[in-house]
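K.L.:
Below is the file my_file.txt, which contains compact mmCIF, N, CA and C atoms.
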# COMPACT_ATOMS: atom_id res chain seq x y z
N MET F 1062 0.85 -1.18 0.00
CA MET F 1062 0.00 0.00 0.00
C MET F 1062 0.89 1.24 0.00
N ASN F 1063 0.59 2.18 -0.84
CA ASN F 1063 1.35 3.43 -0.96
C ASN F 1063 0.52 4.54 -0.32
N ASN F 1064 0.72 4.75 0.97
CA ASN F 1064 -0.05 5.76 1.69
C ASN F 1064 0.88 6.42 2.71
N MET F 1065 0.86 7.73 2.77
CA MET F 1065 1.70 8.42 3.75
C MET F 1065 0.95 9.60 4.34
N THR F 1066 1.37 9.96 5.56
CA THR F 1066 0.81 11.10 6.26
C THR F 1066 1.95 11.98 6.71
N ILE F 1067 1.84 13.27 6.45
CA ILE F 1067 2.84 14.22 6.95
C ILE F 1067 2.13 15.35 7.68
N VAL F 1068 2.82 15.90 8.65
CA VAL F 1068 2.33 17.06 9.40
C VAL F 1068 3.45 18.08 9.37
N GLY F 1069 3.16 19.27 8.90
CA GLY F 1069 4.19 20.30 8.81
C GLY F 1069 3.59 21.65 8.47
N ASN F 1070 4.46 22.56 8.05
CA ASN F 1070 4.03 23.93 7.74
C ASN F 1070 4.22 24.25 6.27
N LEU F 1071 3.27 25.03 5.72
CA LEU F 1071 3.38 25.46 4.32
C LEU F 1071 4.52 26.47 4.19
N GLY F 1072 5.36 26.26 3.18
CA GLY F 1072 6.50 27.14 2.97
C GLY F 1072 6.16 28.37 2.16
N GLN F 1073 5.09 28.31 1.39
CA GLN F 1073 4.66 29.45 0.58
C GLN F 1073 3.18 29.31 0.29
N GLU F 1074 2.61 30.35 -0.27
CA GLU F 1074 1.18 30.30 -0.62
C GLU F 1074 0.95 29.19 -1.66
N PRO F 1075 -0.09 28.39 -1.49
CA PRO F 1075 -0.40 27.37 -2.49
C PRO F 1075 -0.68 28.01 -3.85
N GLU F 1076 -0.35 27.29 -4.92
CA GLU F 1076 -0.52 27.80 -6.28
C GLU F 1076 -1.68 27.06 -6.95
N LEU F 1077 -2.81 27.76 -7.11
CA LEU F 1077 -4.00 27.18 -7.74
C LEU F 1077 -4.02 27.55 -9.22
N ARG F 1078 -4.27 26.56 -10.05
CA ARG F 1078 -4.42 26.79 -11.49
C ARG F 1078 -5.50 25.85 -12.00
N PHE F 1079 -5.87 26.01 -13.26
CA PHE F 1079 -6.93 25.20 -13.83
C PHE F 1079 -6.46 24.59 -15.15
N THR F 1080 -6.86 23.35 -15.40
CA THR F 1080 -6.54 22.71 -16.67
C THR F 1080 -7.40 23.32 -17.76
N GLN F 1081 -7.12 22.99 -19.01
CA GLN F 1081 -7.93 23.50 -20.13
C GLN F 1081 -9.37 23.02 -20.01
N ALA F 1082 -9.56 21.88 -19.37
CA ALA F 1082 -10.90 21.34 -19.18
C ALA F 1082 -11.60 21.98 -17.97
N GLY F 1083 -10.90 22.87 -17.25
CA GLY F 1083 -11.51 23.57 -16.12
C GLY F 1083 -11.33 22.87 -14.78
N LYS F 1084 -10.54 21.82 -14.72
CA LYS F 1084 -10.32 21.11 -13.46
C LYS F 1084 -9.26 21.83 -12.64
N ALA F 1085 -9.56 22.05 -11.35
CA ALA F 1085 -8.64 22.74 -10.45
C ALA F 1085 -7.46 21.83 -10.10
N VAL F 1086 -6.27 22.43 -10.05
CA VAL F 1086 -5.04 21.75 -9.64
C VAL F 1086 -4.31 22.70 -8.70
N ILE F 1087 -3.87 22.21 -7.56
CA ILE F 1087 -3.12 23.06 -6.64
C ILE F 1087 -1.82 22.37 -6.27
N SER F 1088 -0.76 23.17 -6.17
CA SER F 1088 0.55 22.69 -5.75
C SER F 1088 0.97 23.47 -4.52
N PHE F 1089 1.57 22.77 -3.57
CA PHE F 1089 2.08 23.44 -2.38
C PHE F 1089 3.18 22.58 -1.76
N SER F 1090 4.02 23.21 -0.96
CA SER F 1090 5.11 22.48 -0.31
C SER F 1090 4.92 22.53 1.21
N VAL F 1091 5.19 21.38 1.84
CA VAL F 1091 5.06 21.25 3.29
C VAL F 1091 6.43 20.91 3.86
N GLY F 1092 6.86 21.69 4.83
CA GLY F 1092 8.13 21.44 5.49
C GLY F 1092 7.92 20.66 6.78
N THR F 1093 8.66 19.55 6.92
CA THR F 1093 8.64 18.79 8.17
C THR F 1093 10.03 18.90 8.78
N THR F 1094 10.09 19.10 10.08
CA THR F 1094 11.37 19.31 10.76
C THR F 1094 11.64 18.14 11.70
N HIS F 1095 12.88 17.70 11.69
CA HIS F 1095 13.31 16.63 12.59
C HIS F 1095 14.70 16.96 13.12
N LEU F 1096 15.09 16.28 14.20
CA LEU F 1096 16.41 16.49 14.80
C LEU F 1096 17.38 15.51 14.18
N LYS F 1097 18.59 16.00 13.85
CA LYS F 1097 19.57 15.17 13.16
C LYS F 1097 20.91 15.23 13.87
N GLY F 1098 21.55 14.08 13.94
CA GLY F 1098 22.90 14.01 14.47
C GLY F 1098 22.96 14.04 15.98
N ALA F 1099 24.20 13.87 16.48
CA ALA F 1099 24.43 13.83 17.92
C ALA F 1099 24.14 15.17 18.58
N ASP F 1100 24.33 16.27 17.83
CA ASP F 1100 24.09 17.59 18.40
C ASP F 1100 22.64 18.05 18.21
N LYS F 1101 21.80 17.17 17.68
CA LYS F 1101 20.35 17.42 17.56
C LYS F 1101 20.02 18.71 16.81
N GLN F 1102 20.69 18.91 15.70
CA GLN F 1102 20.41 20.07 14.85
C GLN F 1102 19.08 19.86 14.13
N LYS F 1103 18.30 20.92 14.05
CA LYS F 1103 17.02 20.84 13.32
C LYS F 1103 17.29 20.81 11.82
N GLU F 1104 16.60 19.92 11.13
CA GLU F 1104 16.71 19.83 9.67
C GLU F 1104 15.29 19.76 9.10
N THR F 1105 15.06 20.54 8.06
CA THR F 1105 13.74 20.57 7.43
C THR F 1105 13.78 19.85 6.10
N THR F 1106 12.79 18.99 5.88
CA THR F 1106 12.61 18.31 4.60
C THR F 1106 11.36 18.89 3.96
N TRP F 1107 11.47 19.25 2.67
CA TRP F 1107 10.33 19.83 1.96
C TRP F 1107 9.67 18.76 1.11
N HIS F 1108 8.34 18.68 1.20
CA HIS F 1108 7.54 17.71 0.47
C HIS F 1108 6.64 18.46 -0.51
N GLU F 1109 6.77 18.15 -1.78
CA GLU F 1109 5.91 18.76 -2.80
C GLU F 1109 4.59 18.00 -2.83
N CYS F 1110 3.48 18.73 -2.81
CA CYS F 1110 2.15 18.12 -2.79
C CYS F 1110 1.31 18.67 -3.93
N VAL F 1111 0.39 17.85 -4.43
CA VAL F 1111 -0.53 18.26 -5.48
C VAL F 1111 -1.91 17.67 -5.18
N ALA F 1112 -2.95 18.46 -5.44
CA ALA F 1112 -4.33 18.01 -5.25
C ALA F 1112 -5.16 18.48 -6.43
N PHE F 1113 -6.26 17.81 -6.65
CA PHE F 1113 -7.10 18.07 -7.83
C PHE F 1113 -8.56 18.29 -7.44
N GLY F 1114 -9.28 18.95 -8.33
CA GLY F 1114 -10.73 19.10 -8.22
C GLY F 1114 -11.16 19.90 -7.01
N GLU F 1115 -12.24 19.43 -6.38
CA GLU F 1115 -12.82 20.14 -5.24
C GLU F 1115 -11.83 20.23 -4.08
N GLU F 1116 -11.05 19.17 -3.88
CA GLU F 1116 -10.03 19.19 -2.82
C GLU F 1116 -9.06 20.35 -3.04
N ALA F 1117 -8.65 20.56 -4.29
CA ALA F 1117 -7.73 21.66 -4.62
C ALA F 1117 -8.35 23.01 -4.29
N GLU F 1118 -9.61 23.19 -4.63
CA GLU F 1118 -10.28 24.46 -4.37
C GLU F 1118 -10.45 24.70 -2.87
N ASN F 1119 -10.74 23.64 -2.11
CA ASN F 1119 -10.87 23.78 -0.66
C ASN F 1119 -9.53 24.12 -0.02
N ILE F 1120 -8.46 23.51 -0.50
CA ILE F 1120 -7.13 23.83 0.02
C ILE F 1120 -6.79 25.29 -0.27
N ALA F 1121 -7.10 25.75 -1.47
CA ALA F 1121 -6.81 27.15 -1.84
C ALA F 1121 -7.52 28.12 -0.91
N ALA F 1122 -8.71 27.77 -0.48
CA ALA F 1122 -9.49 28.65 0.39
C ALA F 1122 -9.03 28.59 1.84
N SER F 1123 -8.36 27.50 2.24
CA SER F 1123 -8.05 27.29 3.66
C SER F 1123 -6.58 27.40 4.02
N PHE F 1124 -5.68 27.02 3.13
CA PHE F 1124 -4.25 26.96 3.45
C PHE F 1124 -3.55 28.25 3.04
N HIS F 1125 -2.63 28.69 3.88
CA HIS F 1125 -1.83 29.87 3.59
C HIS F 1125 -0.40 29.65 4.07
N LYS F 1126 0.50 30.45 3.57
CA LYS F 1126 1.91 30.33 3.97
C LYS F 1126 2.01 30.29 5.49
N GLY F 1127 2.74 29.29 6.00
CA GLY F 1127 2.92 29.15 7.44
C GLY F 1127 1.87 28.28 8.12
N SER F 1128 0.77 27.97 7.44
CA SER F 1128 -0.26 27.13 8.04
C SER F 1128 0.30 25.78 8.46
N ARG F 1129 -0.09 25.30 9.61
CA ARG F 1129 0.26 23.95 10.06
C ARG F 1129 -0.80 23.02 9.50
N VAL F 1130 -0.37 22.02 8.71
CA VAL F 1130 -1.31 21.18 7.99
C VAL F 1130 -1.00 19.69 8.18
N ILE F 1131 -2.02 18.90 7.94
CA ILE F 1131 -1.91 17.44 7.91
C ILE F 1131 -2.26 17.03 6.49
N VAL F 1132 -1.40 16.25 5.85
CA VAL F 1132 -1.63 15.82 4.48
C VAL F 1132 -1.55 14.29 4.43
N ILE F 1133 -2.55 13.68 3.83
CA ILE F 1133 -2.57 12.24 3.62
C ILE F 1133 -2.65 12.02 2.12
N GLY F 1134 -1.78 11.16 1.61
CA GLY F 1134 -1.79 10.91 0.18
C GLY F 1134 -0.85 9.79 -0.20
N ARG F 1135 -0.64 9.66 -1.49
CA ARG F 1135 0.26 8.61 -2.00
C ARG F 1135 1.46 9.27 -2.65
N LEU F 1136 2.59 8.61 -2.50
CA LEU F 1136 3.82 9.11 -3.08
C LEU F 1136 3.87 8.70 -4.54
N GLU F 1137 4.17 9.67 -5.41
CA GLU F 1137 4.20 9.41 -6.85
C GLU F 1137 5.47 10.02 -7.44
N ARG F 1138 6.14 9.26 -8.29
CA ARG F 1138 7.33 9.75 -8.98
C ARG F 1138 7.01 9.82 -10.46
N THR F 1139 7.20 10.99 -11.04
CA THR F 1139 6.94 11.18 -12.47
C THR F 1139 8.22 11.62 -13.17
N SER F 1140 8.25 11.37 -14.47
CA SER F 1140 9.39 11.77 -15.29
C SER F 1140 8.91 12.71 -16.39
N TYR F 1141 9.76 13.65 -16.77
CA TYR F 1141 9.45 14.58 -17.85
C TYR F 1141 10.75 15.08 -18.44
N GLU F 1142 10.67 15.71 -19.59
CA GLU F 1142 11.87 16.27 -20.22
C GLU F 1142 11.86 17.78 -20.11
N LYS F 1143 13.03 18.32 -19.78
CA LYS F 1143 13.21 19.76 -19.70
C LYS F 1143 14.55 20.09 -20.33
N ASN F 1144 14.51 20.93 -21.36
CA ASN F 1144 15.73 21.31 -22.09
C ASN F 1144 16.48 20.08 -22.60
N GLY F 1145 15.72 19.09 -23.05
CA GLY F 1145 16.32 17.89 -23.62
C GLY F 1145 16.87 16.90 -22.60
N GLN F 1146 16.70 17.18 -21.32
CA GLN F 1146 17.19 16.28 -20.29
C GLN F 1146 16.01 15.70 -19.50
N LYS F 1147 16.13 14.41 -19.19
CA LYS F 1147 15.07 13.75 -18.43
C LYS F 1147 15.15 14.19 -16.97
N GLN F 1148 14.03 14.64 -16.44
CA GLN F 1148 13.90 15.10 -15.06
C GLN F 1148 12.95 14.18 -14.32
N HIS F 1149 13.09 14.12 -13.01
CA HIS F 1149 12.20 13.33 -12.17
C HIS F 1149 11.63 14.22 -11.08
N ARG F 1150 10.42 13.93 -10.71
CA ARG F 1150 9.76 14.67 -9.63
C ARG F 1150 9.05 13.67 -8.73
N THR F 1151 9.26 13.82 -7.44
CA THR F 1151 8.54 13.01 -6.47
C THR F 1151 7.61 13.95 -5.71
N GLN F 1152 6.34 13.57 -5.63
CA GLN F 1152 5.37 14.43 -4.96
C GLN F 1152 4.32 13.57 -4.28
N ILE F 1153 3.60 14.20 -3.36
CA ILE F 1153 2.49 13.54 -2.68
C ILE F 1153 1.22 13.96 -3.40
N VAL F 1154 0.47 12.97 -3.90
CA VAL F 1154 -0.83 13.22 -4.50
C VAL F 1154 -1.83 13.14 -3.35
N VAL F 1155 -2.45 14.26 -3.04
CA VAL F 1155 -3.27 14.40 -1.83
C VAL F 1155 -4.60 13.65 -1.96
N ASN F 1156 -4.88 12.83 -0.95
CA ASN F 1156 -6.21 12.22 -0.81
C ASN F 1156 -7.06 13.03 0.15
N GLU F 1157 -6.40 13.56 1.19
CA GLU F 1157 -7.10 14.35 2.19
C GLU F 1157 -6.12 15.32 2.83
N ALA F 1158 -6.58 16.51 3.15
CA ALA F 1158 -5.73 17.52 3.79
C ALA F 1158 -6.57 18.35 4.74
N ALA F 1159 -5.93 18.80 5.84
CA ALA F 1159 -6.66 19.60 6.82
C ALA F 1159 -5.68 20.49 7.57
N LEU F 1160 -6.21 21.54 8.16
CA LEU F 1160 -5.41 22.38 9.04
C LEU F 1160 -5.23 21.66 10.36
N SER F 1161 -4.05 21.75 10.95
CA SER F 1161 -3.79 21.17 12.26
C SER F 1161 -4.04 22.25 13.30
N VAL F 1162 -4.73 21.91 14.36
CA VAL F 1162 -5.00 22.89 15.42
C VAL F 1162 -4.21 22.58 16.68
N ARG F 1163 -3.24 21.68 16.59
CA ARG F 1163 -2.47 21.31 17.78
C ARG F 1163 -1.72 22.51 18.36
N TYR F 1164 -1.02 23.26 17.51
CA TYR F 1164 -0.23 24.39 17.99
C TYR F 1164 -0.84 25.73 17.59
N ASP F 1165 -1.83 25.71 16.75
CA ASP F 1165 -2.46 26.94 16.27
C ASP F 1165 -3.97 26.73 16.29
N PRO F 1166 -4.57 26.85 17.48
CA PRO F 1166 -5.99 26.53 17.58
C PRO F 1166 -6.86 27.45 16.74
N ALA F 1167 -7.93 26.87 16.23
CA ALA F 1167 -8.89 27.66 15.46
C ALA F 1167 -9.52 28.67 16.40
N THR F 1168 -9.79 29.84 15.89
CA THR F 1168 -10.41 30.85 16.74
C THR F 1168 -11.91 30.74 16.62
N SER F 1169 -12.56 30.85 17.74
CA SER F 1169 -14.02 30.87 17.75
C SER F 1169 -14.45 31.72 18.92
N GLU F 1170 -15.63 32.22 18.82
CA GLU F 1170 -16.16 33.04 19.89
C GLU F 1170 -16.71 32.12 20.97
N LYS F 1171 -16.23 32.31 22.18
CA LYS F 1171 -16.73 31.50 23.28
C LYS F 1171 -17.87 32.26 23.93
N GLY F 1172 -19.01 31.64 23.94
CA GLY F 1172 -20.16 32.27 24.55
C GLY F 1172 -20.59 31.48 25.76
N GLU F 1173 -21.57 31.99 26.42
CA GLU F 1173 -22.09 31.29 27.58
C GLU F 1173 -22.86 30.09 27.10
N ARG F 1174 -22.66 28.99 27.78
CA ARG F 1174 -23.40 27.78 27.43
C ARG F 1174 -24.75 27.81 28.12
N THR F 1175 -25.75 27.45 27.37
CA THR F 1175 -27.07 27.35 27.97
C THR F 1175 -27.38 25.87 28.17
N PRO F 1176 -27.93 25.53 29.31
CA PRO F 1176 -28.21 24.12 29.57
C PRO F 1176 -29.21 23.58 28.56
N GLN F 1177 -28.96 22.34 28.13
CA GLN F 1177 -29.87 21.67 27.21
C GLN F 1177 -31.07 21.16 27.99
N THR F 1178 -32.23 21.32 27.44
CA THR F 1178 -33.41 20.75 28.08
C THR F 1178 -33.56 19.32 27.62
N ASN F 1179 -34.04 18.48 28.47
CA ASN F 1179 -34.21 17.08 28.14
C ASN F 1179 -35.43 16.93 27.25
N THR F 1180 -35.20 16.59 25.99
CA THR F 1180 -36.30 16.45 25.05
C THR F 1180 -36.60 14.99 24.75
N ALA F 1181 -35.98 14.08 25.51
CA ALA F 1181 -36.25 12.65 25.31
C ALA F 1181 -37.68 12.36 25.75
N PRO F 1182 -38.35 11.46 25.03
CA PRO F 1182 -39.73 11.14 25.42
C PRO F 1182 -39.76 10.45 26.79
N GLN F 1183 -40.76 10.76 27.55
CA GLN F 1183 -40.93 10.15 28.87
C GLN F 1183 -41.91 8.99 28.75
N TYR F 1184 -41.52 7.83 29.27
CA TYR F 1184 -42.37 6.64 29.23
C TYR F 1184 -42.81 6.28 30.65
N GLY F 1185 -44.02 5.89 30.77
CA GLY F 1185 -44.56 5.43 32.04
C GLY F 1185 -44.34 3.93 32.19
N ASP F 1186 -45.10 3.33 33.08
CA ASP F 1186 -45.00 1.90 33.33
C ASP F 1186 -45.52 1.08 32.17
N ASP F 1187 -46.27 1.70 31.26
CA ASP F 1187 -46.82 0.96 30.12
C ASP F 1187 -45.93 1.06 28.88
N ALA F 1188 -44.61 1.34 29.04
CA ALA F 1188 -43.68 1.42 27.90
C ALA F 1188 -43.58 0.06 27.22
N PRO F 1189 -43.46 0.04 25.87
CA PRO F 1189 -43.48 -1.21 25.13
C PRO F 1189 -42.19 -2.01 25.24
N PHE F 1190 -41.31 -1.68 26.13
CA PHE F 1190 -40.06 -2.44 26.25
C PHE F 1190 -39.73 -2.75 27.67
Using the file provided, produce a representation of the structure as structure tokens.
P.N.:
Amino acid sequence: MNNMTIVGNLGQEPELRFTQAGKAVISFSVGTTHLKGADKQKETTWHECVAFGEEAENIAASFHKGSRVIVIGRLERTSYEKNGQKQHRTQIVVNEAALSVRYDPATSEKGERTPQTNTAPQYGDDAPF
């Protein structure tokens, strides 16, 4: 099974474009940081991601540079030619993506809670069960 999950931060604004057929395509990069070596130096790995269709449009509306995100998808390696030379690209094809609220909680207005009234039906001794 080719499935991976990454959690990291967007390095730049996602780039939304449309195919000639009108299908949305978005590209974005996610940086994941880990500690490396005996001196525990931080090292960032950048993951190129791509999403299509409605998912792409939702990402464009929600993700911004610096956003902490969770991306689930499959790893795909493609080949293409550029200036007569064969190039390779490895990217995550997104199945699902969301904002992470672990370190950057969503803002919402906290109001006073009103007690819920019990709306469950009341049964007497003649209940059918």
K.L.:
Taking a cut-off of 6 Å and counting all atoms listed in the file, can you build a table that, for each residue of stretch 1087-1171 of chain F near stretch 1062-1079 of chain F, reports the nearest atom pair and how far apart they are in Å (one decimal), sorted by chain then residue number, as CSV?
P.N.:
residue,atom,partner,partner_atom,distance
F:Ile1087,CA,F:Glu1076,C,4.3
F:Ser1088,C,F:Glu1076,N,4.1
F:Phe1089,CA,F:Pro1075,CA,4.6
F:Ser1090,C,F:Gly1072,N,4.2
F:Val1091,CA,F:Asn1070,C,4.3
F:Gly1092,N,F:Asn1070,C,3.9
F:Thr1093,CA,F:Gly1069,CA,4.7
F:Phe1124,C,F:Pro1075,N,5.7
F:His1125,C,F:Glu1074,CA,5.0
F:Lys1126,CA,F:Gln1073,C,4.0
F:Gly1127,N,F:Leu1071,C,3.8
F:Ser1128,C,F:Leu1071,N,4.1
F:Arg1129,CA,F:Gly1069,C,4.3
F:Val1130,N,F:Gly1069,C,4.0
F:Ile1131,CA,F:Val1068,CA,4.5
F:Val1132,C,F:Ile1067,N,4.1
F:Ile1133,CA,F:Thr1066,CA,4.4
F:Gly1134,C,F:Met1065,N,4.0
F:Arg1135,CA,F:Asn1063,C,4.4
F:Leu1136,N,F:Asn1063,C,5.1
K.L.:
Pick the closest to F:Glu1118 from F:Lys1097, F:Val1086, F:Lys1103, F:Ala1159: which is it, counting only N, CA and C atoms?
P.N.:
F:Val1086
K.L.:
Between atom CA of F:His1108 and atom CA of F:Gln1152, what is the spacing in Å?
P.N.:
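Answer for the atom CA of F:Gln1152 to atom CA of F:His1108 separation: 6.7 Å.
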K.L.:
Please indicate the distance in Å from atom CA of F:Glu1157 to atom CA of F:Trp1107, rounded to one decimal place.
P.N.:
18.3 Å
